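This is data.cif (mmCIF, C-alpha atoms).
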data_structure
loop_
_atom_site.label_atom_id
_atom_site.label_comp_id
_atom_site.auth_asym_id
_atom_site.auth_seq_id
_atom_site.Cartn_x
_atom_site.Cartn_y
_atom_site.Cartn_z
CA MET A 181 -2.36 12.28 -28.61
CA SER A 182 -3.89 11.86 -32.08
CA ASN A 183 -2.29 9.58 -34.70
CA ALA A 184 0.03 7.96 -32.15
CA SER A 185 1.15 4.48 -33.21
CA ILE A 186 0.39 1.58 -30.87
CA LEU A 187 1.61 -2.03 -31.11
CA ILE A 188 -0.64 -4.67 -29.49
CA VAL A 189 1.20 -7.89 -28.58
CA ASP A 190 -1.15 -10.67 -27.47
CA ASP A 191 -1.50 -14.33 -28.44
CA GLU A 192 -5.31 -14.26 -28.13
CA GLN A 193 -6.81 -13.24 -31.46
CA GLY A 194 -10.09 -12.07 -29.92
CA ILE A 195 -8.32 -9.66 -27.56
CA ARG A 196 -6.08 -8.32 -30.35
CA SER A 197 -9.07 -7.65 -32.59
CA THR A 198 -11.17 -6.03 -29.90
CA ILE A 199 -8.44 -3.68 -28.70
CA HIS A 200 -7.40 -2.97 -32.31
CA ASP A 201 -10.93 -1.84 -33.24
CA ILE A 202 -11.33 0.27 -30.11
CA LEU A 203 -8.02 2.08 -30.51
CA THR A 204 -8.55 2.57 -34.24
CA ASP A 205 -11.89 4.23 -33.51
CA GLU A 206 -10.05 6.51 -31.08
CA GLY A 207 -7.78 7.71 -33.88
CA TYR A 208 -4.64 5.68 -33.13
CA ALA A 209 -2.55 3.93 -35.77
CA VAL A 210 -2.58 0.30 -34.61
CA GLU A 211 -0.45 -2.75 -35.44
CA THR A 212 -0.90 -6.19 -33.89
CA ALA A 213 1.43 -9.12 -33.15
CA ALA A 214 0.43 -12.64 -32.10
CA ASP A 215 3.80 -13.58 -30.60
CA ALA A 216 7.27 -12.31 -29.75
CA ARG A 217 8.61 -13.00 -33.26
CA GLU A 218 6.00 -10.74 -34.87
CA ALA A 219 6.46 -8.16 -32.11
CA ARG A 220 10.21 -7.97 -32.77
CA SER A 221 9.56 -7.49 -36.47
CA HIS A 222 7.09 -4.62 -35.96
CA TYR A 223 9.29 -3.02 -33.30
CA SER A 224 12.44 -3.03 -35.41
CA ALA A 225 10.63 -1.87 -38.58
CA GLY A 226 9.63 1.37 -36.89
CA GLN A 227 9.42 1.84 -33.14
CA PRO A 228 5.81 2.55 -32.12
CA ASP A 229 4.83 5.33 -29.73
CA LEU A 230 3.50 2.75 -27.25
CA VAL A 231 3.30 -1.03 -26.79
CA LEU A 232 0.52 -3.02 -25.12
CA LEU A 233 2.31 -6.22 -24.10
CA ASP A 234 0.74 -9.45 -22.90
CA ILE A 235 2.75 -11.32 -20.25
CA TRP A 236 1.83 -14.93 -21.02
CA MET A 237 2.61 -16.00 -24.59
CA PRO A 238 3.50 -19.44 -25.98
CA ASP A 239 6.98 -18.83 -27.38
CA THR A 240 8.60 -15.98 -25.46
CA ASP A 241 6.83 -14.41 -22.47
CA GLY A 242 6.30 -10.67 -22.23
CA ILE A 243 8.76 -10.14 -19.39
CA THR A 244 11.56 -11.75 -21.42
CA LEU A 245 10.67 -9.64 -24.46
CA LEU A 246 10.54 -6.48 -22.34
CA LYS A 247 13.99 -7.28 -20.92
CA GLU A 248 15.30 -7.87 -24.42
CA TRP A 249 14.09 -4.45 -25.53
CA ALA A 250 15.36 -2.79 -22.35
CA ASP A 251 18.85 -4.27 -22.86
CA SER A 252 19.04 -3.14 -26.49
CA ASN A 253 20.62 0.13 -27.57
CA VAL A 254 17.29 1.40 -28.90
CA PRO A 255 15.45 3.76 -26.48
CA LEU A 256 12.43 2.01 -25.00
CA CYS A 257 9.04 3.50 -25.84
CA PRO A 258 6.28 3.41 -23.18
CA VAL A 259 5.19 -0.19 -22.51
CA ILE A 260 1.99 -1.15 -20.72
CA VAL A 261 1.92 -4.81 -19.69
CA MET A 262 -1.30 -6.85 -19.52
CA SER A 263 -2.03 -10.14 -17.80
CA GLY A 264 -4.97 -12.22 -16.69
CA HIS A 265 -2.80 -14.19 -14.25
CA GLY A 266 -0.82 -11.35 -12.78
CA THR A 267 0.86 -11.13 -9.42
CA VAL A 268 2.44 -8.24 -7.59
CA GLU A 269 5.81 -9.86 -8.36
CA THR A 270 5.08 -9.65 -12.08
CA ALA A 271 4.09 -5.98 -11.84
CA VAL A 272 7.23 -5.17 -9.85
CA GLU A 273 9.49 -6.96 -12.34
CA ALA A 274 7.81 -5.31 -15.33
CA THR A 275 8.17 -1.87 -13.75
CA ARG A 276 11.83 -2.56 -12.95
CA LEU A 277 12.44 -3.34 -16.61
CA GLY A 278 10.86 -0.09 -17.74
CA ALA A 279 7.12 -0.71 -18.13
CA VAL A 280 5.15 2.42 -17.32
CA ASP A 281 2.00 0.67 -16.11
CA TYR A 282 0.30 -2.68 -15.51
CA ILE A 283 -3.29 -3.66 -16.42
CA GLU A 284 -5.12 -6.79 -15.30
CA LYS A 285 -7.40 -8.71 -17.67
CA PRO A 286 -10.27 -8.56 -18.38
CA VAL A 287 -9.30 -5.06 -19.45
CA SER A 288 -11.66 -2.21 -18.63
CA LEU A 289 -12.13 0.01 -21.71
CA GLU A 290 -12.16 3.17 -19.61
CA GLN A 291 -9.01 2.13 -17.72
CA LEU A 292 -7.24 1.10 -20.94
CA LEU A 293 -7.85 4.41 -22.70
CA ALA A 294 -6.94 6.45 -19.63
CA THR A 295 -3.72 4.48 -19.11
CA ILE A 296 -2.69 4.85 -22.75
CA GLU A 297 -3.43 8.57 -22.73
CA GLY A 298 -1.44 9.06 -19.52
CA ALA A 299 1.54 7.07 -20.85
CA LEU A 300 1.63 9.05 -24.10
CA GLU A 301 1.36 12.35 -22.24
CA GLN A 302 4.29 11.30 -20.05
CA LYS A 303 6.33 10.35 -23.14
CA ASN A 304 5.93 13.84 -24.56
CA ALA A 305 6.22 15.77 -21.30
CA PRO A 306 9.31 17.86 -20.46
CA ALA A 307 12.18 15.90 -18.93
CA ALA A 308 11.65 17.38 -15.45
CA THR A 309 8.00 16.32 -15.47
CA GLN A 310 8.94 12.81 -16.60
CA VAL A 311 11.35 12.49 -13.68
CA GLN A 312 8.64 13.58 -11.25
CA ARG A 313 6.12 11.15 -12.70
CA ARG A 314 8.61 8.28 -12.55
CA ARG A 315 9.05 9.16 -8.89
CA GLN A 316 5.29 8.94 -8.36
CA ALA A 317 5.14 5.67 -10.32
CA SER A 318 7.59 4.20 -7.81
CA VAL A 319 5.09 4.69 -4.97
CA GLU A 320 4.40 1.35 -3.34
CA ILE A 321 1.05 -0.02 -4.51
CA PRO A 322 -0.82 -1.63 -1.59
CA PRO A 323 -0.45 -5.31 -2.57
CA GLY A 324 -2.93 -8.15 -2.25
CA LYS A 325 -5.62 -9.83 -4.37
CA SER A 326 -8.22 -10.65 -1.71
CA ALA A 327 -11.69 -9.13 -1.99
CA VAL A 328 -10.99 -7.08 1.15
CA ILE A 329 -7.84 -5.33 -0.04
CA ARG A 330 -9.07 -4.95 -3.62
CA ALA A 331 -12.16 -3.14 -2.34
CA VAL A 332 -10.01 -0.73 -0.32
CA ARG A 333 -7.73 -0.11 -3.32
CA GLU A 334 -10.75 0.65 -5.50
CA GLN A 335 -12.15 3.03 -2.89
CA ALA A 336 -8.76 4.77 -2.68
CA GLN A 337 -8.79 5.20 -6.46
CA GLN A 338 -12.24 6.82 -6.28
CA ILE A 339 -11.11 9.14 -3.48
CA ALA A 340 -8.04 10.15 -5.52
CA ALA A 341 -10.31 11.68 -8.14
CA GLN A 342 -11.75 14.10 -5.55
CA THR A 343 -10.19 17.22 -4.00
CA LEU A 344 -11.82 17.13 -0.55
CA PRO A 345 -10.03 16.31 2.75
CA VAL A 346 -9.52 12.63 3.54
CA LEU A 347 -9.49 10.81 6.89
CA ILE A 348 -7.85 7.37 6.88
CA THR A 349 -8.60 5.07 9.81
CA GLY A 350 -7.00 1.80 10.85
CA GLU A 351 -4.75 0.07 13.34
CA PRO A 352 -1.09 1.08 13.77
CA GLY A 353 1.08 -0.52 11.11
CA SER A 354 -1.87 -1.33 8.83
CA GLY A 355 -0.64 0.90 6.00
CA ARG A 356 -2.58 4.13 6.49
CA ASP A 357 0.34 6.31 5.37
CA LEU A 358 0.90 3.97 2.42
CA PHE A 359 -2.68 4.46 1.26
CA GLY A 360 -2.29 8.22 1.73
CA GLN A 361 0.70 8.16 -0.63
CA TYR A 362 -1.22 5.91 -3.02
CA ILE A 363 -4.16 8.33 -3.17
CA HIS A 364 -1.76 11.25 -3.71
CA SER A 365 0.04 9.42 -6.53
CA LEU A 366 -3.25 8.90 -8.39
CA SER A 367 -4.59 12.42 -7.85
CA ASP A 368 -4.25 15.54 -9.97
CA LYS A 369 -1.67 16.70 -7.39
CA ALA A 370 0.65 13.75 -8.06
CA ASP A 371 3.30 16.05 -9.55
CA GLY A 372 3.35 18.08 -6.32
CA PRO A 373 5.01 17.20 -3.00
CA PHE A 374 3.70 14.69 -0.47
CA VAL A 375 4.51 16.16 2.95
CA LEU A 376 4.08 13.76 5.87
CA VAL A 377 4.09 14.98 9.47
CA SER A 378 3.32 13.13 12.70
CA GLY A 379 0.65 14.69 14.86
CA ALA A 380 2.80 13.97 17.91
CA THR A 381 5.43 16.43 16.66
CA MET A 382 2.95 19.32 16.43
CA THR A 383 2.56 20.50 20.00
CA ASP A 384 0.44 23.43 21.14
CA ASP A 385 3.67 25.39 21.55
CA ASN A 386 5.09 24.83 18.06
CA VAL A 387 2.04 24.16 15.86
CA VAL A 388 1.92 27.71 14.46
CA ASP A 389 5.58 27.54 13.40
CA GLN A 390 5.10 24.01 12.07
CA LEU A 391 2.00 24.63 9.97
CA LEU A 392 2.33 28.30 9.06
CA GLY A 393 6.04 29.01 9.28
CA GLY A 394 7.76 32.00 10.82
CA GLY A 395 6.69 35.60 10.62
CA PRO A 396 8.63 38.49 9.04
CA GLN A 397 11.63 37.77 11.27
CA ASN A 398 11.72 34.11 10.27
CA ALA A 399 10.98 33.32 6.65
CA ALA A 400 11.14 29.53 7.02
CA PRO A 401 8.15 28.08 5.14
CA GLY A 402 5.56 26.14 7.09
CA LEU A 403 4.17 22.75 6.17
CA LEU A 404 1.22 24.23 4.28
CA GLU A 405 3.57 26.19 2.04
CA GLN A 406 5.88 23.21 1.63
CA ALA A 407 2.93 21.07 0.54
CA ALA A 408 1.52 23.68 -1.90
CA GLY A 409 0.43 22.00 -5.11
CA GLY A 410 0.51 18.59 -3.41
CA THR A 411 -0.69 16.89 -0.25
CA LEU A 412 -0.20 17.54 3.47
CA PHE A 413 -0.67 14.30 5.41
CA VAL A 414 -1.04 14.52 9.21
CA SER A 415 -0.28 11.05 10.58
CA GLU A 416 -1.68 9.93 13.97
CA LEU A 417 -4.09 12.82 14.36
CA GLN A 418 -4.76 11.86 17.98
CA GLY A 419 -1.33 13.26 18.87
CA LEU A 420 -2.55 16.85 18.38
CA GLY A 421 -3.23 19.01 21.43
CA PRO A 422 -6.27 21.32 21.82
CA ARG A 423 -4.62 24.39 20.25
CA ALA A 424 -3.24 22.40 17.34
CA GLN A 425 -6.66 20.85 16.71
CA SER A 426 -8.31 24.27 16.76
CA LEU A 427 -5.81 25.73 14.29
CA LEU A 428 -6.08 22.79 11.90
CA LEU A 429 -9.89 22.90 12.08
CA GLY A 430 -9.95 26.55 11.08
CA ILE A 431 -7.61 25.91 8.15
CA VAL A 432 -9.68 22.98 6.87
CA GLU A 433 -13.05 24.72 7.28
CA GLN A 434 -12.03 28.11 5.86
CA GLY A 435 -9.59 26.92 3.23
CA THR A 436 -7.26 29.78 4.16
CA TYR A 437 -4.57 30.60 6.72
CA THR A 438 -2.89 33.81 7.86
CA LEU A 439 0.86 33.93 8.26
CA PRO A 440 2.23 35.36 11.53
CA GLY A 441 2.70 39.11 11.18
CA HIS A 442 0.40 39.31 8.14
CA SER A 443 -3.18 40.49 7.82
CA GLN A 444 -4.17 38.99 4.48
CA PRO A 445 -5.20 35.33 4.47
CA GLU A 446 -3.52 32.90 2.09
CA PRO A 447 -5.46 30.18 0.25
CA VAL A 448 -4.63 26.58 1.14
CA LYS A 449 -3.05 25.13 -1.99
CA ALA A 450 -2.55 21.60 -0.64
CA ARG A 451 -4.98 18.76 -0.18
CA ILE A 452 -5.16 17.81 3.49
CA MET A 453 -5.29 14.18 4.61
CA ALA A 454 -4.96 12.69 8.06
CA SER A 455 -4.83 9.28 9.71
CA VAL A 456 -6.25 8.19 13.04
CA GLN A 457 -6.76 4.88 14.78
CA ARG A 458 -10.45 5.46 15.49
CA THR A 459 -13.02 8.21 14.90
CA SER A 460 -14.01 8.68 18.53
CA GLY A 461 -12.24 9.23 21.82
CA ASP A 462 -8.54 10.02 22.16
CA GLY A 463 -9.42 13.61 23.04
CA LEU A 464 -10.14 14.52 19.43
CA ARG A 465 -12.69 17.19 18.56
CA ALA A 466 -15.75 15.80 16.83
CA ASP A 467 -15.93 18.83 14.52
CA LEU A 468 -12.30 18.32 13.42
CA LEU A 469 -12.98 14.67 12.62
CA ALA A 470 -16.10 15.70 10.71
CA ALA A 471 -14.22 18.37 8.73
CA LEU A 472 -11.40 15.99 7.79
CA GLY A 473 -13.68 13.01 7.30
CA VAL A 474 -15.67 14.30 4.35
CA LEU A 475 -14.06 11.39 2.56
CA GLN A 476 -13.06 8.40 4.68
CA LEU A 477 -11.03 5.28 4.02
CA SER A 478 -10.85 2.41 6.50
CA VAL A 479 -7.68 0.33 6.12
CA PRO A 480 -8.20 -3.27 7.29
CA ALA A 481 -5.99 -5.04 9.77
CA LEU A 482 -3.74 -7.68 8.21
CA ARG A 483 -5.59 -10.47 10.04
CA GLU A 484 -8.66 -9.56 7.91
CA TYR A 485 -6.96 -10.60 4.67
CA VAL A 486 -4.48 -13.30 5.70
CA GLU A 487 -5.19 -15.18 2.46
CA ASP A 488 -2.85 -12.62 0.88
CA ILE A 489 0.07 -13.63 3.13
CA PRO A 490 1.88 -15.76 0.48
CA GLU A 491 1.74 -12.92 -2.05
CA LEU A 492 2.72 -10.33 0.57
CA LEU A 493 5.72 -12.46 1.53
CA ARG A 494 6.90 -12.62 -2.09
CA TYR A 495 6.34 -8.90 -2.56
CA TYR A 496 8.21 -7.74 0.54
CA VAL A 497 11.01 -10.28 0.19
CA HIS A 498 11.60 -8.90 -3.31
CA SER A 499 11.39 -5.34 -2.00
CA VAL A 500 13.85 -5.90 0.86
CA THR A 501 16.35 -7.89 -1.21
CA SER A 502 16.30 -5.22 -3.96
CA SER A 503 16.61 -2.21 -1.66
CA GLU A 504 19.01 -3.60 0.95
CA GLY A 505 21.07 -6.12 -1.04
CA LEU A 506 20.13 -9.09 1.17
CA SER A 507 20.06 -12.70 -0.01
CA PHE A 508 16.76 -13.91 -1.41
CA ARG A 509 14.97 -16.48 0.76
CA ARG A 510 11.69 -18.27 0.19
CA PHE A 511 9.24 -19.27 2.91
CA SER A 512 8.37 -22.93 3.19
CA VAL A 513 4.73 -23.94 2.76
CA ALA A 514 4.54 -24.77 6.48
CA SER A 515 5.90 -21.34 7.46
CA GLN A 516 3.47 -19.61 5.10
CA ASN A 517 0.56 -21.50 6.63
CA ARG A 518 1.81 -20.58 10.10
CA LEU A 519 1.81 -16.90 9.20
CA ARG A 520 -1.73 -17.18 7.87
CA ASN A 521 -2.76 -18.27 11.38
CA TYR A 522 -0.82 -15.57 13.22
CA PRO A 523 -2.82 -12.63 14.73
CA TRP A 524 -0.53 -9.86 13.37
CA PRO A 525 -0.90 -7.29 16.15
CA GLY A 526 1.59 -5.05 14.30
CA ASN A 527 -0.01 -5.58 10.88
CA LEU A 528 2.03 -4.87 7.71
CA ARG A 529 4.77 -3.11 9.65
CA GLU A 530 5.31 -6.24 11.72
CA LEU A 531 5.33 -8.42 8.60
CA LYS A 532 7.99 -6.27 6.90
CA ASN A 533 10.12 -6.19 10.04
CA LEU A 534 9.83 -9.96 10.41
CA ILE A 535 10.95 -10.49 6.81
CA ARG A 536 13.91 -8.15 7.24
CA ARG A 537 14.93 -9.95 10.46
CA LEU A 538 14.76 -13.38 8.81
CA LEU A 539 16.75 -12.26 5.77
CA LEU A 540 19.42 -10.71 7.97
CA GLN A 541 19.90 -13.65 10.30
CA SER A 542 20.51 -16.33 7.66
CA SER A 543 21.34 -16.83 4.00
CA ALA A 544 19.78 -20.31 3.83
CA PRO A 545 17.54 -20.53 0.76
CA GLU A 546 14.41 -21.40 2.77
CA VAL A 547 12.81 -20.10 5.96
CA SER A 548 11.78 -23.18 7.93
CA LEU A 549 8.88 -23.41 10.35
CA LYS A 550 11.28 -23.84 13.29
CA GLU A 551 13.24 -20.72 12.36
CA LEU A 552 10.01 -18.79 11.92
CA GLU A 553 8.66 -19.86 15.31
CA ASP A 554 11.89 -18.75 16.99
CA SER A 555 11.56 -15.34 15.33
CA LEU A 556 7.89 -14.94 16.25
CA LEU A 557 8.25 -15.63 19.96
CA PRO A 558 9.75 -12.25 20.93
CA ALA A 559 7.19 -10.40 18.83
CA VAL A 560 4.23 -12.18 20.41
CA GLY A 561 5.49 -11.68 23.94
CA GLY A 562 4.24 -15.07 25.07
CA PRO A 563 5.97 -18.30 26.00
CA GLU A 564 4.53 -20.46 23.24
CA PRO A 565 3.48 -20.11 19.60
CA LEU A 566 -0.16 -20.25 18.54
CA VAL A 567 0.24 -23.61 16.81
CA ASN A 568 3.36 -25.50 17.82
CA HIS A 569 5.00 -27.42 15.01
CA ASP A 570 4.76 -30.72 16.94
CA ILE A 571 1.12 -30.32 18.01
CA LEU A 572 0.11 -33.26 15.81
CA SER A 573 2.11 -35.58 18.08
CA LEU A 574 -0.15 -34.78 21.06
CA PRO A 575 -3.41 -36.43 22.12
CA MET A 576 -6.42 -34.33 21.10
CA ARG A 577 -7.17 -33.09 24.64
CA GLU A 578 -3.62 -31.86 25.22
CA ALA A 579 -3.43 -30.35 21.74
CA ARG A 580 -6.69 -28.48 22.33
CA GLU A 581 -5.50 -27.15 25.68
CA GLN A 582 -2.20 -26.01 24.17
CA PHE A 583 -3.99 -24.21 21.35
CA GLU A 584 -6.52 -22.55 23.68
CA ARG A 585 -3.77 -21.40 26.04
CA ALA A 586 -1.71 -19.87 23.21
CA TYR A 587 -4.80 -18.44 21.51
CA LEU A 588 -6.16 -16.73 24.64
CA THR A 589 -2.72 -15.52 25.74
CA GLN A 590 -2.12 -13.79 22.42
CA GLN A 591 -5.66 -12.43 22.16
CA LEU A 592 -5.33 -11.05 25.70
CA ALA A 593 -2.13 -9.28 24.68
CA LEU A 594 -3.95 -7.72 21.72
CA CYS A 595 -6.65 -6.49 24.13
CA GLY A 596 -4.12 -4.78 26.38
CA GLY A 597 -4.67 -7.32 29.18
CA LYS A 598 -8.34 -6.35 29.58
CA VAL A 599 -10.56 -9.38 30.04
CA GLY A 600 -13.69 -7.38 29.20
CA LYS A 601 -12.34 -6.61 25.75
CA LEU A 602 -11.12 -10.18 25.41
CA ALA A 603 -14.60 -11.54 26.15
CA GLU A 604 -16.07 -9.37 23.41
CA ARG A 605 -13.29 -10.26 20.99
CA VAL A 606 -13.53 -14.04 21.38
CA GLY A 607 -17.32 -14.16 21.87
CA MET A 608 -17.42 -15.60 25.42
CA GLU A 609 -19.40 -14.61 28.47
CA ARG A 610 -17.01 -12.99 30.97
CA THR A 611 -17.66 -15.42 33.86
CA HIS A 612 -17.01 -18.42 31.63
CA LEU A 613 -13.92 -16.72 30.24
CA TYR A 614 -12.47 -16.14 33.72
CA ARG A 615 -13.02 -19.81 34.50
CA LYS A 616 -11.35 -20.87 31.24
CA LEU A 617 -8.32 -18.61 31.82
CA ARG A 618 -7.82 -19.98 35.31
CA SER A 619 -8.11 -23.60 34.16
CA LEU A 620 -5.49 -23.00 31.47
CA GLY A 621 -3.16 -21.15 33.83
CA VAL A 622 -3.28 -17.91 31.79
CA ASP A 623 -2.19 -14.93 33.85
CA PHE A 624 -4.79 -12.19 33.36
CA GLY A 625 -3.97 -10.00 36.36
CA GLN A 626 -6.81 -7.70 37.33
CA GLY A 627 -8.04 -7.12 33.74
#

Take the structure in the file and write it out as structure tokens.
Amino acid sequence: MSNASILIVDDEQGIRSTIHDILTDEGYAVETAADAREARSHYSAGQPDLVLLDIWMPDTDGITLLKEWADSNVPLCPVIVMSGHGTVETAVEATRLGAVDYIEKPVSLEQLLATIEGALEQKNAPAATQVQRRRQASVEIPPGKSAVIRAVREQAQQIAAQTLPVLITGEPGSGRDLFGQYIHSLSDKADGPFVLVSGATMTDDNVVDQLLGGGPQNAAPGLLEQAAGGTLFVSELQGLGPRAQSLLLGIVEQGTYTLPGHSQPEPVKARIMASVQRTSGDGLRADLLAALGVLQLSVPALREYVEDIPELLRYYVHSVTSSEGLSFRRFSVASQNRLRNYPWPGNLRELKNLIRRLLLQSSAPEVSLKELEDSLLPAVGGPEPLVNHDILSLPMREAREQFERAYLTQQLALCGGKVGKLAERVGMERTHLYRKLRSLGVDFGQG
């Protein structure tokens, strides 16, 4: 949008000048403000088309200023918030108050210009399109600041720019569907539908009706038609039977499908994505995996980025309290540390369920370590937690034995009771592992 007016609010003179020069070169009319007082003055003198708003400022922070504008009677123009010390909590709060996007410093020039252009396009789009885009903006962004999760987010952003099929791998509960929605929300099909179907529901008997819809006697649209202009996401691909796999393979390879009772093929107008736990076994056809896996994204297990646990706790506590009206509770430092040393067999799904359970069972302001341990026991399925809260009171030998017993019991559960897998997982020779399990009294059956 040429000649659009942009207000830059940032207390760092170097950043203001740099962004001012860049945007001026791009043809925008640019004003700058060093603090909230100057920002208010510019904003009231003539509302700009867009505001770039720094979060951390010496007098009044950006979130407070954004809330002030949101509470006023003047319609809020698009606001993009910027911060070099951002958290997911900050992004969520800014979005709740009306910000259209969030950029981390140091700001990428390419990202900045693309974000501004997108926000201005949204401002001038028809009302129906704005509603749809706000719906897409509400898609949950996979949180976390660790190198592991940031790398996956960046890969998902690169995949979103493509149009080819996508295969997302990872453990159950790790967030594969979430990343599918994230990719869709960033793609050129973001304004279209995101249709999610479980592979287990598409049997060999009903897959034609499910994917293609009925023939002339039954005009109900199939999933491919429902997803036209958007994305069709097949979750848990391993649930498909042989006939369903064959039909889906033909659709992906040919890019067309033929409705029952028709002779003319129809073009596939949806991007097809799928998720699977692993890319081998489970009775899946190798050619189907190859066709869907032109682009692949591997979602890590939560135990691979446990340093993000404190931030994830804040994010999901905020999410649950906002959506379900539950009392806010914070996790004590000891309980946070405990969760960073928990194996998370159920990944993000287990974390969210744990948070919901703890918020429901008490309105106390803090989740203590004792309360957390009591909530973890049923989920682990074992008689004792990994690190008992009174382990420091034990002699070293007893403490070590208690830790090893809990550690191997929980790892064995994650391996489905199979000692062979356990040996590989914990890096022990099987004979030595059998001896260790017996000495600790760990029941390993015939695994």

(request) List, as a list in words, every residue that the PyMOL selection byres ((chain A and resi 382) around 10) selects in the file provided. (result) Val377, Ser378, Gly379, Ala380, Thr381, Thr383, Asp384, Asp385, Asn386, Val387, Val388, Asp389, Gln390, Leu391, Val414, Leu417, Gly419, Leu420, Gly421, Arg423, Ala424 and Gln425 of chain A

Excluding same-chain residues fewer than 2 positions from Thr411 of chain A, what lies within 8 Å of it counting all atoms listed in the file, as a PDB file with C-alpha atoms, in the frame of the given file?
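Once written, out-v9.pdb looks like this:
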ATOM      1  CA  HIS A 364      -1.760  11.250  -3.710  1.00  0.00           C
ATOM      2  CA  LYS A 369      -1.670  16.700  -7.390  1.00  0.00           C
ATOM      3  CA  GLY A 372       3.350  18.080  -6.320  1.00  0.00           C
ATOM      4  CA  PRO A 373       5.010  17.200  -3.000  1.00  0.00           C
ATOM      5  CA  PHE A 374       3.700  14.690  -0.470  1.00  0.00           C
ATOM      6  CA  VAL A 375       4.510  16.160   2.950  1.00  0.00           C
ATOM      7  CA  ALA A 407       2.930  21.070   0.540  1.00  0.00           C
ATOM      8  CA  ALA A 408       1.520  23.680  -1.900  1.00  0.00           C
ATOM      9  CA  GLY A 409       0.430  22.000  -5.110  1.00  0.00           C
ATOM     10  CA  PHE A 413      -0.670  14.300   5.410  1.00  0.00           C
ATOM     11  CA  ALA A 450      -2.550  21.600  -0.640  1.00  0.00           C
ATOM     12  CA  ARG A 451      -4.980  18.760  -0.180  1.00  0.00           C
ATOM     13  CA  ILE A 452      -5.160  17.810   3.490  1.00  0.00           C
ATOM     14  CA  MET A 453      -5.290  14.180   4.610  1.00  0.00           C
TER      15      MET A 453
END

### Residues in the PyMOL selection byres ((chain A and resi 491) around 8), expressed as a ChimeraX atom specification
/A:267-268,323-324,488-490,492-495

What residues come out when you apply the PyMOL selection byres ((chain A and resi 430-437) around 8) to this file, written as an mmCIF file with C-alpha atoms, in the coordinates of the input?
data_model
loop_
_atom_site.group_PDB
_atom_site.id
_atom_site.type_symbol
_atom_site.label_atom_id
_atom_site.label_comp_id
_atom_site.auth_asym_id
_atom_site.auth_seq_id
_atom_site.Cartn_x
_atom_site.Cartn_y
_atom_site.Cartn_z
ATOM 1 C CA PRO A 345 -10.030 16.310 2.750
ATOM 2 C CA LEU A 392 2.330 28.300 9.060
ATOM 3 C CA SER A 426 -8.310 24.270 16.760
ATOM 4 C CA LEU A 427 -5.810 25.730 14.290
ATOM 5 C CA LEU A 428 -6.080 22.790 11.900
ATOM 6 C CA LEU A 429 -9.890 22.900 12.080
ATOM 7 C CA THR A 438 -2.890 33.810 7.860
ATOM 8 C CA LEU A 439 0.860 33.930 8.260
ATOM 9 C CA PRO A 445 -5.200 35.330 4.470
ATOM 10 C CA GLU A 446 -3.520 32.900 2.090
ATOM 11 C CA PRO A 447 -5.460 30.180 0.250
ATOM 12 C CA VAL A 448 -4.630 26.580 1.140
ATOM 13 C CA ILE A 452 -5.160 17.810 3.490
ATOM 14 C CA ALA A 471 -14.220 18.370 8.730
ATOM 15 C CA LEU A 472 -11.400 15.990 7.790
#

Just need the box for segment 225-242 of chain A, edges along x, y and z, holding every atom the file lists for it with 6 Å tacked onto each side, so centre and edge lengths in Å to one decimal, as JSON.
{"center_x": 5.6, "center_y": -7.1, "center_z": -29.4, "size_x": 22.1, "size_y": 36.8, "size_z": 30.3}

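Within 6 Å of Asp234 of chain A, once only C-alpha atoms are used and residues closer than 5 positions along the same chain are dropped, the contacting residues are Val189, Asp190, Gly242, Val261, Met262 and Ser263 of chain A.
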
Atom CA of Thr212 of chain A sits from atom CA of Ser252 of chain A at a separation of 21.5 Å

| request: Tell me, as a PyMOL selection string, which residues lie within 9 Å of Ser512 of chain A, counting only C-alpha atoms; anything in the same chain fewer than 2 positions away does not count. | output: chain A and resi 510+514-517+546-549

- [ ] Around the point (9.4, 0.6, -25.0), in the coordinates given by the file, pick out the residues reaching within 9 Å, counting only C-alpha atoms, and return them as a list of chain:residue names.
- [x] A:Gln227, A:Pro228, A:Asp229, A:Leu230, A:Val231, A:Leu246, A:Trp249, A:Ala250, A:Val254, A:Pro255, A:Leu256, A:Cys257, A:Pro258, A:Val259, A:Ile260, A:Gly278, A:Ala279, A:Val280

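Nearest residue to Ala299 of chain A among A:Leu552, A:Ile186, A:Val210, A:Ala225 is A:Ile186, counting only C-alpha atoms.
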
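Proximity ranking of A:Pro401, A:Pro422, A:Pro238, A:Pro575 relative to Arg465 of chain A places A:Pro422 first, based on all atoms listed in the file.
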
### Query
Do you know which residues lie at most 10 Å from (-6.9, 7.3, 4.4), with coordinates as in the file and all atoms listed in the file counted, and could you write them as a PyMOL selection string?
chain A and resi 332+335-336+339+345-350+355-363+413+415+453-456+473+475-479

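Ranking A:Glu530, A:Asp368, A:Glu351, A:Glu206 by their shortest atom-to-atom distance to Thr459 of chain A, with all atoms listed in the file included, puts A:Glu351 first.
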
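Taking only C-alpha atoms into account, Glu416 of chain A lies nearest to A:Arg458 out of the set A:Arg217, A:Arg483, A:Lys532, A:Arg458.
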